[in-house]
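Text of the file run.pdb, holding PDB, C-alpha atoms and all ligand atoms:
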```pdb
ATOM      1  CA  MET R  61      11.339  10.490 -13.904
ATOM      2  CA  SER R  62       8.943   8.895 -16.204
ATOM      3  CA  LYS R  63       8.247   5.258 -16.669
ATOM      4  CA  LYS R  64      11.927   4.454 -16.546
ATOM      5  CA  ASP R  65      11.741   5.058 -12.774
ATOM      6  CA  LEU R  66       8.783   2.714 -12.327
ATOM      7  CA  HIS R  67       8.929  -0.860 -13.528
ATOM      8  CA  LEU R  68       5.883  -2.999 -14.120
ATOM      9  CA  ASP R  69       6.204  -6.744 -14.437
ATOM     10  CA  ILE R  70       3.236  -9.079 -14.740
ATOM     11  CA  ARG R  71       3.926 -12.464 -13.143
ATOM     12  CA  GLY R  72       2.251 -15.747 -12.235
ATOM     13  CA  ASP R  73       0.960 -18.659 -14.313
ATOM     14  CA  ASP R  74      -2.184 -16.710 -15.133
ATOM     15  CA  LYS R  75      -0.453 -13.305 -15.169
ATOM     16  CA  GLU R  76      -2.342 -12.558 -11.975
ATOM     17  CA  VAL R  77       0.250 -10.555 -10.003
ATOM     18  CA  ALA R  78       1.543  -7.123 -10.987
ATOM     19  CA  VAL R  79       4.963  -6.331  -9.556
ATOM     20  CA  ILE R  80       5.452  -2.574  -9.447
ATOM     21  CA  ARG R  81       8.940  -1.430  -8.538
ATOM     22  CA  LEU R  82      10.142   2.060  -7.653
ATOM     23  CA  ALA R  83      13.401   2.215  -9.597
ATOM     24  CA  ARG R  84      15.316   5.339  -8.575
ATOM     25  CA  PRO R  85      17.776   3.716  -6.190
ATOM     26  CA  ALA R  86      20.371   6.483  -6.627
ATOM     27  CA  LYS R  87      17.822   8.879  -5.063
ATOM     28  CA  ARG R  88      16.559   6.252  -2.614
ATOM     29  CA  ASN R  89      13.351   6.006  -4.660
ATOM     30  CA  ALA R  90      12.380   9.577  -3.751
ATOM     31  CA  LEU R  91       8.982  10.322  -5.256
ATOM     32  CA  SER R  92       9.277  12.977  -7.944
ATOM     33  CA  ASP R  93       6.110  14.352  -9.540
ATOM     34  CA  GLY R  94       6.746  12.172 -12.563
ATOM     35  CA  LEU R  95       7.042   9.069 -10.415
ATOM     36  CA  ILE R  96       3.799   9.854  -8.581
ATOM     37  CA  LEU R  97       1.997  10.339 -11.916
ATOM     38  CA  ALA R  98       3.504   7.114 -13.231
ATOM     39  CA  LEU R  99       2.159   5.281 -10.159
ATOM     40  CA  ARG R 100      -1.293   6.692 -10.839
ATOM     41  CA  ASP R 101      -1.096   5.665 -14.500
ATOM     42  CA  VAL R 102       0.079   2.162 -13.739
ATOM     43  CA  PHE R 103      -2.875   1.506 -11.407
ATOM     44  CA  GLU R 104      -5.291   2.952 -13.943
ATOM     45  CA  ASN R 105      -4.022   0.660 -16.669
ATOM     46  CA  LEU R 106      -3.358  -2.722 -15.089
ATOM     47  CA  PRO R 107      -4.021  -5.628 -17.451
ATOM     48  CA  ALA R 108      -7.353  -7.383 -16.880
ATOM     49  CA  THR R 109      -5.612 -10.623 -15.813
ATOM     50  CA  VAL R 110      -4.139  -8.952 -12.712
ATOM     51  CA  ARG R 111      -5.766  -9.902  -9.392
ATOM     52  CA  ALA R 112      -3.226  -8.511  -6.892
ATOM     53  CA  ALA R 113      -0.178  -6.256  -6.891
ATOM     54  CA  VAL R 114       3.116  -5.887  -5.047
ATOM     55  CA  ILE R 115       4.945  -2.578  -4.674
ATOM     56  CA  ASP R 116       8.600  -2.636  -3.763
ATOM     57  CA  GLY R 117      11.663  -0.456  -4.114
ATOM     58  CA  GLU R 118      14.977  -1.112  -5.845
ATOM     59  CA  GLY R 119      18.176  -0.824  -3.815
ATOM     60  CA  GLU R 120      18.639  -0.590  -0.063
ATOM     61  CA  HIS R 121      15.522   1.451   0.701
ATOM     62  CA  PHE R 122      11.837   1.180  -0.052
ATOM     63  CA  CYS R 123      11.345   4.936  -0.416
ATOM     64  CA  ALA R 124      12.818   8.205   0.928
ATOM     65  CA  GLY R 125       9.531  10.095   0.490
ATOM     66  CA  LEU R 126       8.904  13.276  -1.422
ATOM     67  CA  ASP R 127      11.657  14.321  -3.816
ATOM     68  CA  LEU R 128      12.817  17.327  -1.805
ATOM     69  CA  SER R 129      14.708  18.779  -4.764
ATOM     70  CA  GLU R 130      11.332  19.591  -6.383
ATOM     71  CA  LEU R 131       9.910  21.312  -3.297
ATOM     72  CA  LYS R 132      11.879  24.503  -3.104
ATOM     73  CA  GLU R 133      10.185  26.547  -5.860
ATOM     74  CA  ARG R 134       6.535  25.850  -5.004
ATOM     75  CA  ASP R 135       4.206  28.582  -3.713
ATOM     76  CA  ALA R 136       1.099  27.905  -1.573
ATOM     77  CA  GLY R 137      -1.272  27.420  -4.485
ATOM     78  CA  GLN R 138       1.107  25.068  -6.246
ATOM     79  CA  GLY R 139       1.600  23.198  -2.973
ATOM     80  CA  LEU R 140      -2.137  22.625  -2.696
ATOM     81  CA  ILE R 141      -2.356  21.263  -6.246
ATOM     82  CA  HIS R 142       0.706  19.122  -5.616
ATOM     83  CA  SER R 143      -0.760  17.552  -2.496
ATOM     84  CA  ARG R 144      -4.026  16.859  -4.321
ATOM     85  CA  MET R 145      -2.031  15.174  -7.080
ATOM     86  CA  TRP R 146      -0.544  12.810  -4.495
ATOM     87  CA  HIS R 147      -4.027  12.193  -3.104
ATOM     88  CA  ALA R 148      -5.349  11.264  -6.542
ATOM     89  CA  ALA R 149      -2.440   8.915  -7.227
ATOM     90  CA  LEU R 150      -2.517   7.169  -3.835
ATOM     91  CA  GLU R 151      -6.268   6.869  -4.058
ATOM     92  CA  ARG R 152      -5.695   4.809  -7.213
ATOM     93  CA  VAL R 153      -3.493   2.547  -5.097
ATOM     94  CA  GLN R 154      -5.965   2.202  -2.216
ATOM     95  CA  TYR R 155      -9.186   2.186  -4.245
ATOM     96  CA  GLY R 156      -7.838   0.747  -7.467
ATOM     97  CA  PRO R 157      -8.750  -2.513  -9.128
ATOM     98  CA  VAL R 158      -6.778  -4.973  -6.950
ATOM     99  CA  PRO R 159      -5.364  -5.392  -3.438
ATOM    100  CA  VAL R 160      -1.796  -4.107  -3.101
ATOM    101  CA  ILE R 161       0.908  -5.539  -0.860
ATOM    102  CA  ALA R 162       3.877  -3.329   0.018
ATOM    103  CA  ALA R 163       7.251  -5.079   0.362
ATOM    104  CA  LEU R 164       9.170  -2.881   2.803
ATOM    105  CA  HIS R 165      12.874  -2.665   3.507
ATOM    106  CA  GLY R 166      15.284   0.050   4.596
ATOM    107  CA  ALA R 167      13.829   3.559   4.763
ATOM    108  CA  VAL R 168      10.051   3.871   4.681
ATOM    109  CA  VAL R 169       9.939   7.562   5.413
ATOM    110  CA  GLY R 170       7.769  10.587   4.777
ATOM    111  CA  GLY R 171       5.871  10.115   1.536
ATOM    112  CA  GLY R 172       7.266   6.564   1.424
ATOM    113  CA  LEU R 173       5.259   5.775   4.551
ATOM    114  CA  GLU R 174       2.278   7.563   3.006
ATOM    115  CA  LEU R 175       2.552   5.290  -0.029
ATOM    116  CA  ALA R 176       2.939   2.190   2.152
ATOM    117  CA  SER R 177      -0.094   3.199   4.192
ATOM    118  CA  ALA R 178      -2.225   3.411   1.023
ATOM    119  CA  CYS R 179      -1.484  -0.289   0.387
ATOM    120  CA  HIS R 180      -3.705  -3.011   1.807
ATOM    121  CA  ILE R 181      -1.034  -5.180   3.446
ATOM    122  CA  ARG R 182       2.527  -4.317   4.449
ATOM    123  CA  ALA R 183       5.267  -6.983   4.683
ATOM    124  CA  ALA R 184       8.529  -5.644   6.131
ATOM    125  CA  ASP R 185      11.974  -7.153   6.519
ATOM    126  CA  ASP R 186      14.335  -6.679   9.472
ATOM    127  CA  SER R 187      16.147  -3.747   7.820
ATOM    128  CA  THR R 188      13.009  -1.591   7.695
ATOM    129  CA  PHE R 189      12.730   1.704   9.565
ATOM    130  CA  TYR R 190       9.865   4.158   9.630
ATOM    131  CA  ALA R 191       9.936   7.922  10.126
ATOM    132  CA  LEU R 192       8.056  11.100   9.292
ATOM    133  CA  PRO R 193      10.880  13.655   8.907
ATOM    134  CA  GLU R 194       8.448  16.290   7.619
ATOM    135  CA  GLY R 195       8.500  17.866  11.087
ATOM    136  CA  SER R 196      12.243  18.462  10.962
ATOM    137  CA  ARG R 197      12.061  19.710   7.348
ATOM    138  CA  GLY R 198       9.519  22.377   8.348
ATOM    139  CA  ILE R 199       6.749  20.846   6.254
ATOM    140  CA  PHE R 200       3.739  18.573   6.780
ATOM    141  CA  VAL R 201       2.537  15.317   5.319
ATOM    142  CA  GLY R 202       0.682  15.917   2.050
ATOM    143  CA  GLY R 203       0.120  12.498   0.511
ATOM    144  CA  GLY R 204      -2.802  11.373   2.623
ATOM    145  CA  GLY R 205      -0.657  10.445   5.612
ATOM    146  CA  ALA R 206      -2.666  12.569   8.039
ATOM    147  CA  VAL R 207      -5.721  10.479   7.173
ATOM    148  CA  ARG R 208      -4.236   7.021   6.699
ATOM    149  CA  ILE R 209      -1.394   6.785   9.207
ATOM    150  CA  PRO R 210      -3.497   7.538  12.328
ATOM    151  CA  ARG R 211      -5.824   4.760  11.190
ATOM    152  CA  LEU R 212      -2.896   2.352  11.364
ATOM    153  CA  ILE R 213      -1.140   3.500  14.526
ATOM    154  CA  GLY R 214      -3.296   6.213  16.136
ATOM    155  CA  ALA R 215      -2.942   9.997  16.053
ATOM    156  CA  ALA R 216      -0.863  10.027  19.275
ATOM    157  CA  ARG R 217       1.943   7.912  17.779
ATOM    158  CA  MET R 218       1.933   9.880  14.537
ATOM    159  CA  THR R 219       2.082  13.156  16.466
ATOM    160  CA  ASP R 220       5.072  11.839  18.420
ATOM    161  CA  MET R 221       6.833  10.712  15.209
ATOM    162  CA  MET R 222       6.398  14.154  13.646
ATOM    163  CA  LEU R 223       7.083  16.267  16.721
ATOM    164  CA  THR R 224      10.177  14.401  17.882
ATOM    165  CA  GLY R 225      11.516  12.768  14.722
ATOM    166  CA  ARG R 226      11.090   9.372  16.362
ATOM    167  CA  VAL R 227      12.196   6.471  14.166
ATOM    168  CA  TYR R 228      10.594   3.048  14.591
ATOM    169  CA  ASN R 229      12.650  -0.017  13.781
ATOM    170  CA  ALA R 230      11.220  -3.044  11.995
ATOM    171  CA  GLN R 231      10.237  -4.912  15.158
ATOM    172  CA  ASP R 232       8.524  -1.947  16.799
ATOM    173  CA  GLY R 233       6.914  -1.005  13.499
ATOM    174  CA  GLU R 234       5.268  -4.402  13.325
ATOM    175  CA  ARG R 235       4.280  -4.228  16.996
ATOM    176  CA  ILE R 236       2.425  -0.921  16.568
ATOM    177  CA  GLY R 237       0.747  -1.900  13.295
ATOM    178  CA  LEU R 238       2.841  -0.256  10.597
ATOM    179  CA  ALA R 239       3.414  -3.699   9.077
ATOM    180  CA  GLN R 240       1.376  -6.895   9.320
ATOM    181  CA  TYR R 241       4.292  -9.243   8.519
ATOM    182  CA  LEU R 242       7.924  -9.152   9.613
ATOM    183  CA  VAL R 243      10.467 -11.375   7.861
ATOM    184  CA  PRO R 244      14.281 -11.711   7.855
ATOM    185  CA  GLN R 245      16.295  -9.197   5.869
ATOM    186  CA  GLY R 246      16.015  -9.662   2.121
ATOM    187  CA  GLN R 247      12.769 -11.647   2.247
ATOM    188  CA  ALA R 248      10.126  -8.902   2.113
ATOM    189  CA  PHE R 249       9.561  -9.200  -1.622
ATOM    190  CA  ASP R 250       9.185 -12.994  -1.512
ATOM    191  CA  LYS R 251       6.713 -12.695   1.362
ATOM    192  CA  ALA R 252       4.728  -9.977  -0.394
ATOM    193  CA  PHE R 253       4.662 -11.979  -3.626
ATOM    194  CA  GLU R 254       3.508 -15.104  -1.786
ATOM    195  CA  LEU R 255       0.719 -13.062  -0.152
ATOM    196  CA  ALA R 256      -0.253 -11.528  -3.490
ATOM    197  CA  GLN R 257      -0.575 -14.983  -5.053
ATOM    198  CA  ARG R 258      -2.758 -16.047  -2.148
ATOM    199  CA  VAL R 259      -4.911 -12.893  -2.390
ATOM    200  CA  ALA R 260      -5.257 -13.406  -6.144
ATOM    201  CA  GLN R 261      -7.068 -16.728  -5.491
ATOM    202  CA  ASN R 262      -9.963 -15.017  -3.661
ATOM    203  CA  ALA R 263     -13.259 -14.333  -5.342
ATOM    204  CA  PRO R 264     -12.836 -10.892  -6.970
ATOM    205  CA  LEU R 265     -16.002  -9.654  -5.261
ATOM    206  CA  THR R 266     -14.596 -10.529  -1.827
ATOM    207  CA  ASN R 267     -11.460  -8.553  -2.608
ATOM    208  CA  TYR R 268     -13.584  -5.703  -3.903
ATOM    209  CA  ALA R 269     -15.617  -5.675  -0.683
ATOM    210  CA  LEU R 270     -12.452  -5.625   1.436
ATOM    211  CA  MET R 271     -10.900  -2.785  -0.551
ATOM    212  CA  HIS R 272     -13.924  -0.612  -1.225
ATOM    213  CA  ALA R 273     -16.579  -1.421   1.362
ATOM    214  CA  LEU R 274     -14.689  -2.276   4.555
ATOM    215  CA  PRO R 275     -12.757   1.022   4.948
ATOM    216  CA  ARG R 276     -15.977   2.981   4.357
ATOM    217  CA  ILE R 277     -17.969   0.809   6.748
ATOM    218  CA  ALA R 278     -15.278   1.251   9.391
ATOM    219  CA  GLU R 279     -15.746   5.034   9.145
ATOM    220  CA  GLN R 280     -19.532   4.982   9.224
ATOM    221  CA  PRO R 281     -21.660   5.329  12.351
ATOM    222  CA  ALA R 282     -22.463   1.786  13.538
ATOM    223  CA  ASP R 283     -26.084   1.981  12.504
ATOM    224  CA  GLN R 284     -25.172   2.822   8.883
ATOM    225  CA  GLY R 285     -22.215   0.466   8.924
ATOM    226  CA  PHE R 286     -24.407  -2.508   9.789
ATOM    227  CA  LEU R 287     -26.680  -1.767   6.861
ATOM    228  CA  THR R 288     -23.785  -1.282   4.410
ATOM    229  CA  GLU R 289     -22.259  -4.526   5.665
ATOM    230  CA  ALA R 290     -25.540  -6.370   5.094
ATOM    231  CA  LEU R 291     -25.827  -4.981   1.562
ATOM    232  CA  MET R 292     -22.263  -5.966   0.721
ATOM    233  CA  ALA R 293     -22.728  -9.423   2.256
ATOM    234  CA  ALA R 294     -25.898  -9.985   0.237
ATOM    235  CA  ILE R 295     -24.194  -8.964  -3.005
ATOM    236  CA  ALA R 296     -21.104 -11.088  -2.335
ATOM    237  CA  GLN R 297     -22.992 -14.233  -1.429
ATOM    238  CA  SER R 298     -25.282 -13.962  -4.453
ATOM    239  CA  ALA R 299     -22.329 -14.249  -6.853
ATOM    240  CA  PRO R 300     -22.072 -17.609  -8.654
ATOM    241  CA  GLU R 301     -18.462 -17.926  -7.511
ATOM    242  CA  ALA R 302     -19.506 -17.728  -3.848
ATOM    243  CA  LYS R 303     -22.066 -20.449  -4.368
ATOM    244  CA  THR R 304     -19.501 -22.692  -6.058
ATOM    245  CA  ARG R 305     -16.948 -22.129  -3.304
ATOM    246  CA  VAL R 306     -19.412 -22.893  -0.503
ATOM    247  CA  ARG R 307     -20.612 -26.030  -2.309
ATOM    248  CA  ASP R 308     -16.976 -27.124  -2.759
ATOM    249  CA  PHE R 309     -16.467 -26.891   0.997
ATOM    250  CA  LEU R 310     -19.689 -28.678   1.900
ATOM    251  CA  GLU R 311     -18.851 -31.498  -0.516
ATOM    252  CA  GLY R 312     -15.309 -31.881   0.837
ATOM    253  CA  ARG R 313     -13.424 -30.358  -2.121
ATOM    254  CA  ALA R 314     -12.165 -27.184  -0.453
ATOM    255  CA  ALA R 315      -9.421 -26.763   2.141
ATOM    256  CA  LYS R 316     -10.391 -26.552   5.823
ATOM    257  CA  VAL R 317      -9.090 -23.783   8.033
ATOM    258  CA  LYS R 318      -5.919 -25.113   9.707
ATOM    259  CA  LYS R 319      -4.784 -24.287  13.243
ATOM    260  CA  ALA R 320      -2.139 -21.508  13.168
TER     261      ALA R 320
HETATM  262  C1  LIG Q 401      16.889  12.504  -1.913
HETATM  263  C2  LIG Q 401      15.913  12.170  -0.965
HETATM  264  C3  LIG Q 401      14.680  12.882  -1.009
HETATM  265  C4  LIG Q 401      17.623  10.924  -0.608
HETATM  266  N1  LIG Q 401      14.534  13.821  -1.960
HETATM  267  N2  LIG Q 401      16.694  13.449  -2.833
HETATM  268  N3  LIG Q 401      12.252  12.654   3.015
HETATM  269  C5  LIG Q 401      13.259  12.827   3.854
HETATM  270  O1  LIG Q 401      13.407  13.817   4.523
HETATM  271  C6  LIG Q 401      14.278  11.708   3.870
HETATM  272  C7  LIG Q 401      15.554  12.184   3.223
HETATM  273  N4  LIG Q 401      16.502  11.087   2.983
HETATM  274  C8  LIG Q 401      17.205  10.492   3.965
HETATM  275  O2  LIG Q 401      17.055  10.735   5.137
HETATM  276  C9  LIG Q 401      18.250   9.508   3.509
HETATM  277  O3  LIG Q 401      18.538   9.762   2.150
HETATM  278  C10 LIG Q 401      17.818   8.012   3.632
HETATM  279  C11 LIG Q 401      17.750   7.599   5.110
HETATM  280  C12 LIG Q 401      16.502   7.742   2.957
HETATM  281  C13 LIG Q 401      18.871   7.122   2.910
HETATM  282  O4  LIG Q 401      20.164   7.434   3.402
HETATM  283  P1  LIG Q 401      21.451   7.017   2.539
HETATM  284  O5  LIG Q 401      22.667   7.350   3.361
HETATM  285  O6  LIG Q 401      21.295   5.615   2.043
HETATM  286  O7  LIG Q 401      21.389   7.941   1.201
HETATM  287  P2  LIG Q 401      21.794   9.486   1.005
HETATM  288  O8  LIG Q 401      23.270   9.571   0.821
HETATM  289  O9  LIG Q 401      21.206  10.348   2.049
HETATM  290  O10 LIG Q 401      21.033   9.839  -0.346
HETATM  291  C14 LIG Q 401      21.488   9.368  -1.622
HETATM  292  C15 LIG Q 401      21.045  10.374  -2.664
HETATM  293  O11 LIG Q 401      19.626  10.430  -2.691
HETATM  294  C16 LIG Q 401      21.497  11.793  -2.309
HETATM  295  O12 LIG Q 401      21.680  12.474  -3.542
HETATM  296  P3  LIG Q 401      23.150  12.659  -4.190
HETATM  297  O13 LIG Q 401      22.904  13.388  -5.453
HETATM  298  O14 LIG Q 401      23.924  13.437  -3.151
HETATM  299  O15 LIG Q 401      23.702  11.256  -4.378
HETATM  300  C17 LIG Q 401      20.295  12.390  -1.618
HETATM  301  O16 LIG Q 401      20.227  13.800  -1.704
HETATM  302  C18 LIG Q 401      19.165  11.753  -2.424
HETATM  303  N5  LIG Q 401      17.934  11.707  -1.653
HETATM  304  N6  LIG Q 401      16.396  11.183  -0.163
HETATM  305  C19 LIG Q 401      15.522  14.098  -2.825
HETATM  306  N7  LIG Q 401      13.673  12.613  -0.172
HETATM  307  C20 LIG Q 401       3.504  14.401  -0.159
HETATM  308  S1  LIG Q 401       4.371  15.173   1.006
HETATM  309  C21 LIG Q 401       5.551  14.062   1.583
HETATM  310  C22 LIG Q 401       6.537  14.807   2.421
HETATM  311  C23 LIG Q 401       7.798  14.054   2.601
HETATM  312  O17 LIG Q 401       7.970  12.940   2.144
HETATM  313  S2  LIG Q 401       8.998  14.843   3.503
HETATM  314  C24 LIG Q 401      10.205  13.655   3.797
HETATM  315  C25 LIG Q 401      11.245  13.653   2.737
END
```

Using structure tokens, write down the structure that the file contains.
Amino acid sequence: MSKKDLHLDIRGDDKEVAVIRLARPAKRNALSDGLILALRDVFENLPATVRAAVIDGEGEHFCAGLDLSELKERDAGQGLIHSRMWHAALERVQYGPVPVIAALHGAVVGGGLELASACHIRAADDSTFYALPEGSRGIFVGGGGAVRIPRLIGAARMTDMMLTGRVYNAQDGERIGLAQYLVPQGQAFDKAFELAQRVAQNAPLTNYALMHALPRIAEQPADQGFLTEALMAAIAQSAPEAKTRVRDFLEGRAAKVKKA
């Protein structure tokens, strides 16, 4: 691995979008330890101009999951540490500095689906397919998938995927909530980049609330969730940027919501 397997490119007029590309196409972007650590490092060191990120994969597949060639020599203790390493890295994706949009195509399997599920939005093209082959390899998810994937599609569907090896195609994946956007083959990156540019225009505090407060509120008992929501709302609306944006709307300078 190392950084040669993970490319970072800062784009946009204001250098506001980080494009992070898994670049091991010969191994279908399988996630070696080095690649997982590089992902963690990249999210810990994004330039201050960056307001949103895109993750995609080079070649025909987004990601083939865990690099199975590194699995064979690990004992139980090492396996535990390894899984916690994935957790730490994917937590930097989910709870890092900026919203992350996954551009999906081809295989999104095993740890690849775990990575995609740590992102905030998933845009898939028609070639995408989703699977959790851990079941047939005699192993289990270890990159946070058992926590994040049921929150996207429900524990029943995840259980079915792992027990039976069921593969979802792009259309069914979008239908059940694995992706929020479905576009023709070859267009996932463009869609994800367009979304990232849109997300980058939001007030940073709104994006922060969506990344850091909303998932916690959604897990809280309603009574606590309402209070956390109120606290977050009060903080967000007190920001000078919120006041400017609301004034811009009231004085006719901001875009209206258009019918879909
Ligand atoms: C790999 C891996 C990998 C490919 N680790 N080397 N993930 C899986 O069980 C999925 C395993 N991979 C596949 O099912 C297929 O490779 C794909 C459907 C993704 C792509 O198929 P294809 O025909 O395009 O490629 P290929 O010929 O199978 O693979 C090309 C090369 O990549 C080949 O190596 P080569 O040296 O023979 O050229 C493959 O061995 C290699 N390769 N996938 C290592 N995953 C935190 S826990 C997470 C647990 C998991 O993720 S388990 C699920 C692992």

Counting only C-alpha atoms and all ligand atoms, what residues are within 9 Å of ligand LIG 401 (chain Q), given as a count of residues only? 52

Take the PyMOL selection byres (((chain R and resi 71) around 12) and not hetatm), run it mentally on this structure, and tell me the resulting residues as a PyMOL selection string. chain R and resi 68-70+72-80+107+109-114+253-254+256-257+260

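The interatomic distance for the pair atom CA of R:Leu95 and atom CA of R:Leu82 works out to 8.1 Å.
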
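Between atom CA of R:Arg152 and atom CA of R:Leu255 the separation is 20.3 Å.
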
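As for atom CA of R:Gly156 and atom CA of R:Gly246, they are spaced 27.7 Å apart.
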
As an NGL selection string, please: the residues near R:Glu151 (cut-off 12 Å, only C-alpha atoms, same-chain neighbours under 2 positions excluded). :R and (96-97 or 99-101 or 103-104 or 144-149 or 153-157 or 160 or 174-175 or 177-180 or 203-205 or 207-208 or 271-272)

Using the chain letters and numbers from the file, which residues does the PyMOL selection byres (((chain R and resi 239) around 9) and not hetatm) grab, as a PyMOL selection string? chain R and resi 164+181-184+230+233-238+240-242

Counting only C-alpha atoms, figure out which residue out of R:Glu301, R:Asp308, R:Asp135, R:Asp116 gets nearest to R:Asp185. R:Asp116

Translate the PyMOL selection byres (((chain R and resi 66) around 6) and not hetatm), as applied to the file shown, into an explicit residue set as a ChimeraX atom specification. /R:63-65,67,81-83

Can you write out the residues you just picked, keeping C-alpha atoms, as a CSV table (one decimal), in the frame of the given file?
```csv
chain,number,residue,atom,x,y,z
R,63,LYS,CA,8.2,5.3,-16.7
R,64,LYS,CA,11.9,4.5,-16.5
R,65,ASP,CA,11.7,5.1,-12.8
R,67,HIS,CA,8.9,-0.9,-13.5
R,81,ARG,CA,8.9,-1.4,-8.5
R,82,LEU,CA,10.1,2.1,-7.7
R,83,ALA,CA,13.4,2.2,-9.6
```

Report, as AutoDock Vina command-line options, the axis-aligned box around all atoms of stretch 162-174 of chain R present in the file, extended by 6 Å on each side; give centre and edge lengths in Å to one decimal place.
```
--center_x 8.8 --center_y 2.8 --center_z 2.7 --size_x 25.0 --size_y 27.7 --size_z 17.4
```

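For the residues R:Gln245, R:Ala269, R:Thr304, R:Pro275, ranking by smallest atom-to-atom distance to R:Ala290 using all atoms listed in the file places R:Ala269 first.
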
Give the answer as one residue: which of R:Ala278, R:Leu291, R:Val243, R:Ala299 has the shortest atom-to-atom distance to R:His165, using only C-alpha atoms? R:Val243

Please produce stretch 77-92 of chain R, completed to N, CA and C atoms, as a tab-separated table (two decimals), in the frame of the given file.
```
chain	number	residue	atom	x	y	z
R	77	VAL	N	-0.38	-11.47	-10.97
R	77	VAL	CA	0.25	-10.56	-10.00
R	77	VAL	C	1.06	-9.49	-10.75
R	78	ALA	N	0.75	-8.23	-10.44
R	78	ALA	CA	1.54	-7.12	-10.99
R	78	ALA	C	2.63	-6.77	-9.98
R	79	VAL	N	3.87	-6.77	-10.41
R	79	VAL	CA	4.96	-6.33	-9.56
R	79	VAL	C	5.37	-4.93	-10.02
R	80	ILE	N	5.20	-3.98	-9.12
R	80	ILE	CA	5.45	-2.57	-9.45
R	80	ILE	C	6.64	-2.13	-8.60
R	81	ARG	N	7.70	-1.71	-9.27
R	81	ARG	CA	8.94	-1.43	-8.54
R	81	ARG	C	9.37	0.01	-8.72
R	82	LEU	N	9.54	0.73	-7.61
R	82	LEU	CA	10.14	2.06	-7.65
R	82	LEU	C	11.60	1.85	-8.03
R	83	ALA	N	12.07	2.53	-9.07
R	83	ALA	CA	13.40	2.22	-9.60
R	83	ALA	C	14.27	3.47	-9.75
R	84	ARG	N	14.40	4.18	-8.62
R	84	ARG	CA	15.32	5.34	-8.57
R	84	ARG	C	16.28	5.13	-7.42
R	85	PRO	N	16.99	4.02	-7.39
R	85	PRO	CA	17.78	3.72	-6.19
R	85	PRO	C	18.82	4.78	-5.86
R	86	ALA	N	19.34	5.47	-6.89
R	86	ALA	CA	20.37	6.48	-6.63
R	86	ALA	C	19.81	7.62	-5.78
R	87	LYS	N	18.49	7.84	-5.88
R	87	LYS	CA	17.82	8.88	-5.06
R	87	LYS	C	16.95	8.22	-4.01
R	88	ARG	N	17.27	7.00	-3.67
R	88	ARG	CA	16.56	6.25	-2.61
R	88	ARG	C	15.06	6.19	-2.90
R	89	ASN	N	14.75	6.10	-4.20
R	89	ASN	CA	13.35	6.01	-4.66
R	89	ASN	C	12.50	7.19	-4.21
R	90	ALA	N	13.13	8.36	-4.07
R	90	ALA	CA	12.38	9.58	-3.75
R	90	ALA	C	11.32	9.79	-4.82
R	91	LEU	N	10.15	10.24	-4.37
R	91	LEU	CA	8.98	10.32	-5.26
R	91	LEU	C	8.90	11.70	-5.92
R	92	SER	N	9.41	11.76	-7.12
R	92	SER	CA	9.28	12.98	-7.94
R	92	SER	C	7.84	13.07	-8.44
```
